[in-house]
$ cat structure25.cif   # mmCIF, C-alpha atoms, pLDDT in the B column; chains and numbers go by the auth columns
data_structure
loop_
_atom_site.group_PDB
_atom_site.id
_atom_site.type_symbol
_atom_site.label_atom_id
_atom_site.label_comp_id
_atom_site.label_asym_id
_atom_site.label_seq_id
_atom_site.Cartn_x
_atom_site.Cartn_y
_atom_site.Cartn_z
_atom_site.B_iso_or_equiv
_atom_site.auth_seq_id
_atom_site.auth_asym_id
ATOM 1 C CA MET A 1 -34.146 80.421 3.611 94.00 221 A
ATOM 2 C CA LYS A 2 -34.276 81.904 0.122 97.00 222 A
ATOM 3 C CA LEU A 3 -36.269 80.223 -2.616 97.00 223 A
ATOM 4 C CA ILE A 4 -33.102 79.757 -4.706 97.00 224 A
ATOM 5 C CA ASP A 5 -31.698 77.569 -1.910 97.00 225 A
ATOM 6 C CA LEU A 6 -34.578 75.107 -2.289 98.00 226 A
ATOM 7 C CA THR A 7 -34.510 74.733 -6.065 98.00 227 A
ATOM 8 C CA LYS A 8 -32.166 72.849 -8.353 98.00 228 A
ATOM 9 C CA ILE A 9 -33.014 75.221 -11.223 98.00 229 A
ATOM 10 C CA LEU A 10 -34.841 78.556 -11.073 98.00 230 A
ATOM 11 C CA ARG A 11 -35.149 80.383 -14.394 97.00 231 A
ATOM 12 C CA SER A 12 -37.282 82.925 -16.184 97.00 232 A
ATOM 13 C CA LYS A 13 -38.312 83.212 -19.816 96.00 233 A
ATOM 14 C CA ASN A 14 -41.009 84.608 -22.041 94.00 234 A
ATOM 15 C CA ALA A 15 -44.310 82.841 -22.369 92.00 235 A
ATOM 16 C CA GLY A 16 -45.114 84.681 -25.559 89.00 236 A
ATOM 17 C CA PRO A 17 -44.603 88.447 -25.901 93.00 237 A
ATOM 18 C CA LEU A 18 -47.109 89.347 -23.169 93.00 238 A
ATOM 19 C CA TYR A 19 -46.221 86.986 -20.299 96.00 239 A
ATOM 20 C CA ILE A 20 -43.195 86.049 -18.242 96.00 240 A
ATOM 21 C CA THR A 21 -42.878 82.589 -16.771 97.00 241 A
ATOM 22 C CA PHE A 22 -40.650 81.078 -14.113 98.00 242 A
ATOM 23 C CA ASP A 23 -39.618 77.442 -13.836 98.00 243 A
ATOM 24 C CA LEU A 24 -38.772 76.140 -10.382 98.00 244 A
ATOM 25 C CA ILE A 25 -37.282 72.663 -10.640 98.00 245 A
ATOM 26 C CA PHE A 26 -36.585 70.590 -7.535 98.00 246 A
ATOM 27 C CA GLU A 27 -34.398 67.623 -6.660 97.00 247 A
ATOM 28 C CA ASP A 28 -37.151 65.976 -4.622 97.00 248 A
ATOM 29 C CA MET A 29 -40.852 66.192 -3.817 97.00 249 A
ATOM 30 C CA GLU A 30 -40.168 67.193 -0.230 98.00 250 A
ATOM 31 C CA LYS A 31 -38.652 70.528 -1.287 98.00 251 A
ATOM 32 C CA MET A 32 -41.308 71.079 -3.933 98.00 252 A
ATOM 33 C CA ASN A 33 -44.131 70.478 -1.461 98.00 253 A
ATOM 34 C CA TYR A 34 -42.459 72.733 1.088 98.00 254 A
ATOM 35 C CA VAL A 35 -42.372 75.569 -1.450 98.00 255 A
ATOM 36 C CA LEU A 36 -45.970 74.941 -2.542 97.00 256 A
ATOM 37 C CA GLN A 37 -47.125 75.131 1.077 97.00 257 A
ATOM 38 C CA ASN A 38 -45.023 78.117 2.114 98.00 258 A
ATOM 39 C CA LEU A 39 -44.546 80.404 -0.881 97.00 259 A
ATOM 40 C CA LYS A 40 -46.780 83.440 -0.456 97.00 260 A
ATOM 41 C CA ILE A 41 -48.168 84.688 -3.742 97.00 261 A
ATOM 42 C CA GLU A 42 -48.338 88.135 -2.139 98.00 262 A
ATOM 43 C CA ASP A 43 -44.527 88.091 -1.887 98.00 263 A
ATOM 44 C CA VAL A 44 -44.236 87.248 -5.582 98.00 264 A
ATOM 45 C CA ALA A 45 -46.694 90.024 -6.472 98.00 265 A
ATOM 46 C CA LYS A 46 -44.747 92.519 -4.382 97.00 266 A
ATOM 47 C CA ALA A 47 -41.379 91.485 -5.860 97.00 267 A
ATOM 48 C CA TYR A 48 -42.682 92.087 -9.388 96.00 268 A
ATOM 49 C CA ASP A 49 -45.096 94.924 -8.673 95.00 269 A
ATOM 50 C CA THR A 50 -48.088 93.047 -10.049 96.00 270 A
ATOM 51 C CA ASP A 51 -51.506 92.112 -8.737 97.00 271 A
ATOM 52 C CA VAL A 52 -51.952 88.762 -6.995 97.00 272 A
ATOM 53 C CA LYS A 53 -54.897 87.971 -9.268 98.00 273 A
ATOM 54 C CA ASN A 54 -52.538 88.068 -12.306 97.00 274 A
ATOM 55 C CA ILE A 55 -50.301 85.277 -10.993 98.00 275 A
ATOM 56 C CA THR A 56 -50.801 81.657 -11.987 98.00 276 A
ATOM 57 C CA VAL A 57 -49.003 78.864 -10.122 98.00 277 A
ATOM 58 C CA ILE A 58 -48.994 75.431 -11.742 98.00 278 A
ATOM 59 C CA PRO A 59 -47.355 72.442 -10.029 98.00 279 A
ATOM 60 C CA TYR A 60 -46.067 69.587 -12.219 97.00 280 A
ATOM 61 C CA GLU A 61 -45.473 66.780 -9.749 96.00 281 A
ATOM 62 C CA ILE A 62 -44.371 64.245 -12.364 96.00 282 A
ATOM 63 C CA VAL A 63 -41.271 66.348 -13.106 97.00 283 A
ATOM 64 C CA LYS A 64 -40.928 67.912 -9.634 98.00 284 A
ATOM 65 C CA SER A 65 -41.439 71.456 -10.849 98.00 285 A
ATOM 66 C CA ILE A 66 -43.593 74.540 -10.436 98.00 286 A
ATOM 67 C CA LYS A 67 -44.396 77.103 -13.118 98.00 287 A
ATOM 68 C CA ILE A 68 -45.303 80.669 -12.117 98.00 288 A
ATOM 69 C CA THR A 69 -46.663 82.946 -14.855 98.00 289 A
ATOM 70 C CA PHE A 70 -47.968 86.505 -14.990 97.00 290 A
ATOM 71 C CA PRO A 71 -48.229 89.380 -17.503 96.00 291 A
ATOM 72 C CA ARG A 72 -45.033 91.236 -18.419 93.00 292 A
ATOM 73 C CA LYS A 73 -44.857 94.927 -17.511 87.00 293 A
ATOM 74 C CA HIS A 74 -43.921 95.723 -21.109 86.00 294 A
ATOM 75 C CA VAL A 75 -44.506 93.762 -24.290 87.00 295 A
ATOM 76 C CA SER A 76 -41.381 91.852 -25.273 89.00 296 A
ATOM 77 C CA GLY A 77 -39.355 93.919 -27.710 86.00 297 A
ATOM 78 C CA CYS A 78 -41.089 97.243 -27.132 83.00 298 A
ATOM 79 C CA VAL A 79 -39.043 100.381 -26.495 87.00 299 A
ATOM 80 C CA LEU A 80 -39.541 100.125 -22.704 80.00 300 A
ATOM 81 C CA ASP A 81 -38.561 96.446 -22.530 75.00 301 A
ATOM 82 C CA ASP A 82 -35.130 95.811 -21.047 80.00 302 A
ATOM 83 C CA ASP A 83 -35.086 92.007 -21.407 83.00 303 A
ATOM 84 C CA VAL A 84 -36.470 90.857 -24.763 83.00 304 A
ATOM 85 C CA TYR A 85 -36.238 87.135 -23.927 82.00 305 A
ATOM 86 C CA GLY A 86 -37.313 87.447 -20.286 84.00 306 A
ATOM 87 C CA CYS A 87 -34.325 85.378 -19.182 89.00 307 A
ATOM 88 C CA GLN A 88 -32.981 87.882 -16.657 89.00 308 A
ATOM 89 C CA GLN A 89 -36.046 88.284 -14.450 93.00 309 A
ATOM 90 C CA HIS A 90 -35.575 85.465 -11.939 94.00 310 A
ATOM 91 C CA MET A 91 -33.552 87.157 -9.169 95.00 311 A
ATOM 92 C CA PRO A 92 -36.418 88.911 -7.332 96.00 312 A
ATOM 93 C CA LEU A 93 -38.177 85.528 -7.144 97.00 313 A
ATOM 94 C CA ALA A 94 -34.969 83.701 -6.211 96.00 314 A
ATOM 95 C CA ASN A 95 -34.434 86.016 -3.229 97.00 315 A
ATOM 96 C CA ILE A 96 -37.883 85.596 -1.700 98.00 316 A
ATOM 97 C CA GLU A 97 -37.593 84.245 1.852 96.00 317 A
ATOM 98 C CA ILE A 98 -39.547 81.066 2.503 93.00 318 A
#
$ encode --input "structure25.cif" --output "structure tokens"
Amino acid sequence: MKLIDLTKILRSKNAGPLYITFDLIFEDMEKMNYVLQNLKIEDVAKAYDTDVKNITVIPYEIVKSIKITFPRKHVSGCVLDDDVYGCQQHMPLANIEI
């Protein structure tokens, strides 16, 4: 099953000009806990060509969500950046098989 199939909302955005962050919001704790137990950080690192040590995963149980953050490849707004707001970066994460 793909990660997108387990979330109610899966989105990306900037966390400042140097980081990208992903919000995974769930309908219930069962799905959230399943993702927390089964999502492999190595798969996230591979999907975004970054080092595992750069990835931070923060669960927010009170709102049934998970935040995943890591450094952007290019500073937001630089010549090499193709998504200034970071809002179009969620599909590689969404397609990870869990």
$ atom_distance --input "structure25.cif" --atom1 "CA of Glu250 in chain A" --atom2 "CA of Ala267 in chain A"
25.0 Å
$ resolve_selection --input "structure25.cif" --expression "the PyMOL selection byres ((chain A and resi 289) around 8)" --output "list in words"
Ala235, Tyr239, Ile240, Thr241, Phe242, Ile275, Thr276, Val277, Lys287, Ile288, Phe290 and Pro291 of chain A
$ write_last_selection --input "structure25.cif" --atoms "C-alpha atoms" --output "short mmCIF file (atom, residue, chain, number, x, y, z; two decimals), keeping the file's coordinate frame"
data_model
loop_
_atom_site.label_atom_id
_atom_site.label_comp_id
_atom_site.auth_asym_id
_atom_site.auth_seq_id
_atom_site.Cartn_x
_atom_site.Cartn_y
_atom_site.Cartn_z
CA ALA A 235 -44.31 82.84 -22.37
CA TYR A 239 -46.22 86.99 -20.30
CA ILE A 240 -43.20 86.05 -18.24
CA THR A 241 -42.88 82.59 -16.77
CA PHE A 242 -40.65 81.08 -14.11
CA ILE A 275 -50.30 85.28 -10.99
CA THR A 276 -50.80 81.66 -11.99
CA VAL A 277 -49.00 78.86 -10.12
CA LYS A 287 -44.40 77.10 -13.12
CA ILE A 288 -45.30 80.67 -12.12
CA PHE A 290 -47.97 86.50 -14.99
CA PRO A 291 -48.23 89.38 -17.50
#
$ closest_residue --input "structure25.cif" --among "A:Thr227, A:Asn315, A:Gln308, A:Asn274" --to "Asp243 in chain A" --atoms "all atoms listed in the file"
A:Thr227
$ closest_residue --input "structure25.cif" --among "A:Ser285, A:Tyr305, A:His294, A:Asn258" --to "Lys228 in chain A" --atoms "only C-alpha atoms"
A:Ser285
$ axis_aligned_box --input "structure25.cif" --around "range 232-238 of chain A" --padding-each-side "8 Å" --output "lines of an AutoDock Vina configuration file"
center_x = -42.2
center_y = 86.1
center_z = -21.0
size_x = 25.8
size_y = 22.5
size_z = 25.7
$ closest_residue --input "structure25.cif" --among "A:Tyr254, A:Asp269, A:Gly236, A:Val264" --to "Ala314 in chain A" --atoms "all atoms listed in the file"
A:Val264
$ residues_around --input "structure25.cif" --residues "Tyr280 in chain A" --least-positions-apart "6" --cutoff "12 Å" --atoms "all atoms listed in the file" --output "VMD selection string"
chain A and resid 243 to 246 249 252 to 253 256 286 to 288
$ closest_residue --input "structure25.cif" --among "A:Tyr268, A:Glu281, A:Glu262, A:Asp248" --to "Met311 in chain A" --atoms "only C-alpha atoms"
A:Tyr268
$ atom_distance --input "structure25.cif" --atom1 "CA of Ile282 in chain A" --atom2 "CA of Pro237 in chain A"
27.7 Å
$ atom_distance --input "structure25.cif" --atom1 "CA of Ile224 in chain A" --atom2 "CA of Ser296 in chain A"
25.3 Å
$ closest_residue --input "structure25.cif" --among "A:Gln257, A:Thr270, A:Asn234, A:Gln309" --to "Gly297 in chain A" --atoms "only C-alpha atoms"
A:Asn234
$ closest_residue --input "structure25.cif" --among "A:Lys251, A:Lys233, A:Lys260, A:Leu238" --to "Ile316 in chain A" --atoms "all atoms listed in the file"
A:Lys260
$ decode --input "structure25.cif" --residues "range 275-313 of chain A" --atoms "N, CA and C atoms" --output "mmCIF file, in the first residue's frame"
data_model
loop_
_atom_site.group_PDB
_atom_site.id
_atom_site.type_symbol
_atom_site.label_atom_id
_atom_site.label_comp_id
_atom_site.auth_asym_id
_atom_site.auth_seq_id
_atom_site.Cartn_x
_atom_site.Cartn_y
_atom_site.Cartn_z
ATOM 1 N N ILE A 275 17.236 13.539 8.138
ATOM 2 C CA ILE A 275 15.779 13.470 8.210
ATOM 3 C C ILE A 275 15.307 13.467 9.666
ATOM 4 N N THR A 276 14.352 14.336 9.933
ATOM 5 C CA THR A 276 13.723 14.398 11.252
ATOM 6 C C THR A 276 12.257 14.003 11.105
ATOM 7 N N VAL A 277 11.816 13.078 11.957
ATOM 8 C CA VAL A 277 10.420 12.641 11.973
ATOM 9 C C VAL A 277 9.840 13.002 13.334
ATOM 10 N N ILE A 278 8.763 13.782 13.319
ATOM 11 C CA ILE A 278 8.148 14.230 14.566
ATOM 12 C C ILE A 278 6.670 13.853 14.563
ATOM 13 N N PRO A 279 6.265 12.929 15.446
ATOM 14 C CA PRO A 279 4.835 12.613 15.547
ATOM 15 C C PRO A 279 4.128 13.620 16.463
ATOM 16 N N TYR A 280 2.915 13.992 16.075
ATOM 17 C CA TYR A 280 2.049 14.865 16.879
ATOM 18 C C TYR A 280 0.744 14.120 17.113
ATOM 19 N N GLU A 281 0.737 13.292 18.148
ATOM 20 C CA GLU A 281 -0.411 12.420 18.397
ATOM 21 C C GLU A 281 -1.701 13.198 18.622
ATOM 22 N N ILE A 282 -1.614 14.329 19.306
ATOM 23 C CA ILE A 282 -2.823 15.086 19.643
ATOM 24 C C ILE A 282 -3.617 15.511 18.411
ATOM 25 N N VAL A 283 -2.935 15.687 17.285
ATOM 26 C CA VAL A 283 -3.620 16.061 16.037
ATOM 27 C C VAL A 283 -3.471 14.982 14.960
ATOM 28 N N LYS A 284 -3.092 13.790 15.371
ATOM 29 C CA LYS A 284 -2.964 12.634 14.473
ATOM 30 C C LYS A 284 -2.163 12.967 13.217
ATOM 31 N N SER A 285 -0.946 13.455 13.433
ATOM 32 C CA SER A 285 -0.119 13.839 12.293
ATOM 33 C C SER A 285 1.357 13.542 12.546
ATOM 34 N N ILE A 286 2.090 13.511 11.457
ATOM 35 C CA ILE A 286 3.536 13.300 11.478
ATOM 36 C C ILE A 286 4.152 14.379 10.598
ATOM 37 N N LYS A 287 5.239 14.957 11.075
ATOM 38 C CA LYS A 287 5.993 15.939 10.292
ATOM 39 C C LYS A 287 7.346 15.315 9.960
ATOM 40 N N ILE A 288 7.734 15.390 8.707
ATOM 41 C CA ILE A 288 9.040 14.906 8.246
ATOM 42 C C ILE A 288 9.759 16.112 7.630
ATOM 43 N N THR A 289 10.966 16.388 8.111
ATOM 44 C CA THR A 289 11.712 17.559 7.651
ATOM 45 C C THR A 289 13.143 17.180 7.314
ATOM 46 N N PHE A 290 13.678 17.792 6.272
ATOM 47 C CA PHE A 290 15.096 17.630 5.942
ATOM 48 C C PHE A 290 15.547 18.813 5.079
ATOM 49 N N PRO A 291 16.852 19.005 4.932
ATOM 50 C CA PRO A 291 17.362 20.142 4.150
ATOM 51 C C PRO A 291 16.950 20.053 2.673
ATOM 52 N N ARG A 292 16.626 21.209 2.106
ATOM 53 C CA ARG A 292 16.335 21.296 0.669
ATOM 54 C C ARG A 292 17.624 21.084 -0.119
ATOM 55 N N LYS A 293 17.507 20.571 -1.319
ATOM 56 C CA LYS A 293 18.681 20.432 -2.200
ATOM 57 C C LYS A 293 19.227 21.792 -2.595
ATOM 58 N N HIS A 294 18.327 22.742 -2.824
ATOM 59 C CA HIS A 294 18.705 24.093 -3.224
ATOM 60 C C HIS A 294 17.944 25.083 -2.360
ATOM 61 N N VAL A 295 18.586 26.166 -2.008
ATOM 62 C CA VAL A 295 17.942 27.209 -1.221
ATOM 63 C C VAL A 295 16.720 27.717 -1.981
ATOM 64 N N SER A 296 15.631 27.894 -1.269
ATOM 65 C CA SER A 296 14.404 28.395 -1.894
ATOM 66 C C SER A 296 14.665 29.721 -2.599
ATOM 67 N N GLY A 297 14.303 29.765 -3.871
ATOM 68 C CA GLY A 297 14.445 30.984 -4.652
ATOM 69 C C GLY A 297 15.753 31.125 -5.405
ATOM 70 N N CYS A 298 16.697 30.209 -5.195
ATOM 71 C CA CYS A 298 17.951 30.312 -5.937
ATOM 72 C C CYS A 298 17.723 29.884 -7.389
ATOM 73 N N VAL A 299 18.678 30.136 -8.225
ATOM 74 C CA VAL A 299 18.566 29.845 -9.658
ATOM 75 C C VAL A 299 18.264 28.365 -9.925
ATOM 76 N N LEU A 300 18.782 27.463 -9.120
ATOM 77 C CA LEU A 300 18.581 26.027 -9.336
ATOM 78 C C LEU A 300 17.268 25.505 -8.755
ATOM 79 N N ASP A 301 16.589 26.309 -7.972
ATOM 80 C CA ASP A 301 15.349 25.893 -7.319
ATOM 81 C C ASP A 301 14.203 25.871 -8.319
ATOM 82 N N ASP A 302 13.467 24.759 -8.343
ATOM 83 C CA ASP A 302 12.343 24.650 -9.266
ATOM 84 C C ASP A 302 10.986 24.663 -8.559
ATOM 85 N N ASP A 303 10.985 24.930 -7.258
ATOM 86 C CA ASP A 303 9.734 24.982 -6.493
ATOM 87 C C ASP A 303 9.933 25.912 -5.301
ATOM 88 N N VAL A 304 9.800 27.199 -5.528
ATOM 89 C CA VAL A 304 10.115 28.223 -4.531
ATOM 90 C C VAL A 304 9.400 27.979 -3.204
ATOM 91 N N TYR A 305 8.142 27.562 -3.245
ATOM 92 C CA TYR A 305 7.371 27.375 -2.010
ATOM 93 C C TYR A 305 7.460 25.962 -1.443
ATOM 94 N N GLY A 306 8.057 25.044 -2.184
ATOM 95 C CA GLY A 306 8.201 23.670 -1.704
ATOM 96 C C GLY A 306 6.902 22.883 -1.685
ATOM 97 N N CYS A 307 5.884 23.389 -2.361
ATOM 98 C CA CYS A 307 4.557 22.763 -2.279
ATOM 99 C C CYS A 307 4.324 21.669 -3.318
ATOM 100 N N GLN A 308 5.336 21.381 -4.126
ATOM 101 C CA GLN A 308 5.166 20.358 -5.161
ATOM 102 C C GLN A 308 6.158 19.210 -4.985
ATOM 103 N N GLN A 309 6.544 18.948 -3.756
ATOM 104 C CA GLN A 309 7.577 17.945 -3.491
ATOM 105 C C GLN A 309 7.049 16.672 -2.834
ATOM 106 N N HIS A 310 5.763 16.539 -2.673
ATOM 107 C CA HIS A 310 5.197 15.451 -1.884
ATOM 108 C C HIS A 310 5.042 14.113 -2.617
ATOM 109 N N MET A 311 5.051 14.087 -3.932
ATOM 110 C CA MET A 311 4.745 12.844 -4.646
ATOM 111 C C MET A 311 5.752 11.711 -4.425
ATOM 112 N N PRO A 312 7.056 11.946 -4.390
ATOM 113 C CA PRO A 312 7.949 10.824 -4.080
ATOM 114 C C PRO A 312 7.632 10.196 -2.718
ATOM 115 N N LEU A 313 7.295 11.010 -1.732
ATOM 116 C CA LEU A 313 6.920 10.485 -0.419
ATOM 117 C C LEU A 313 5.578 9.765 -0.507
#
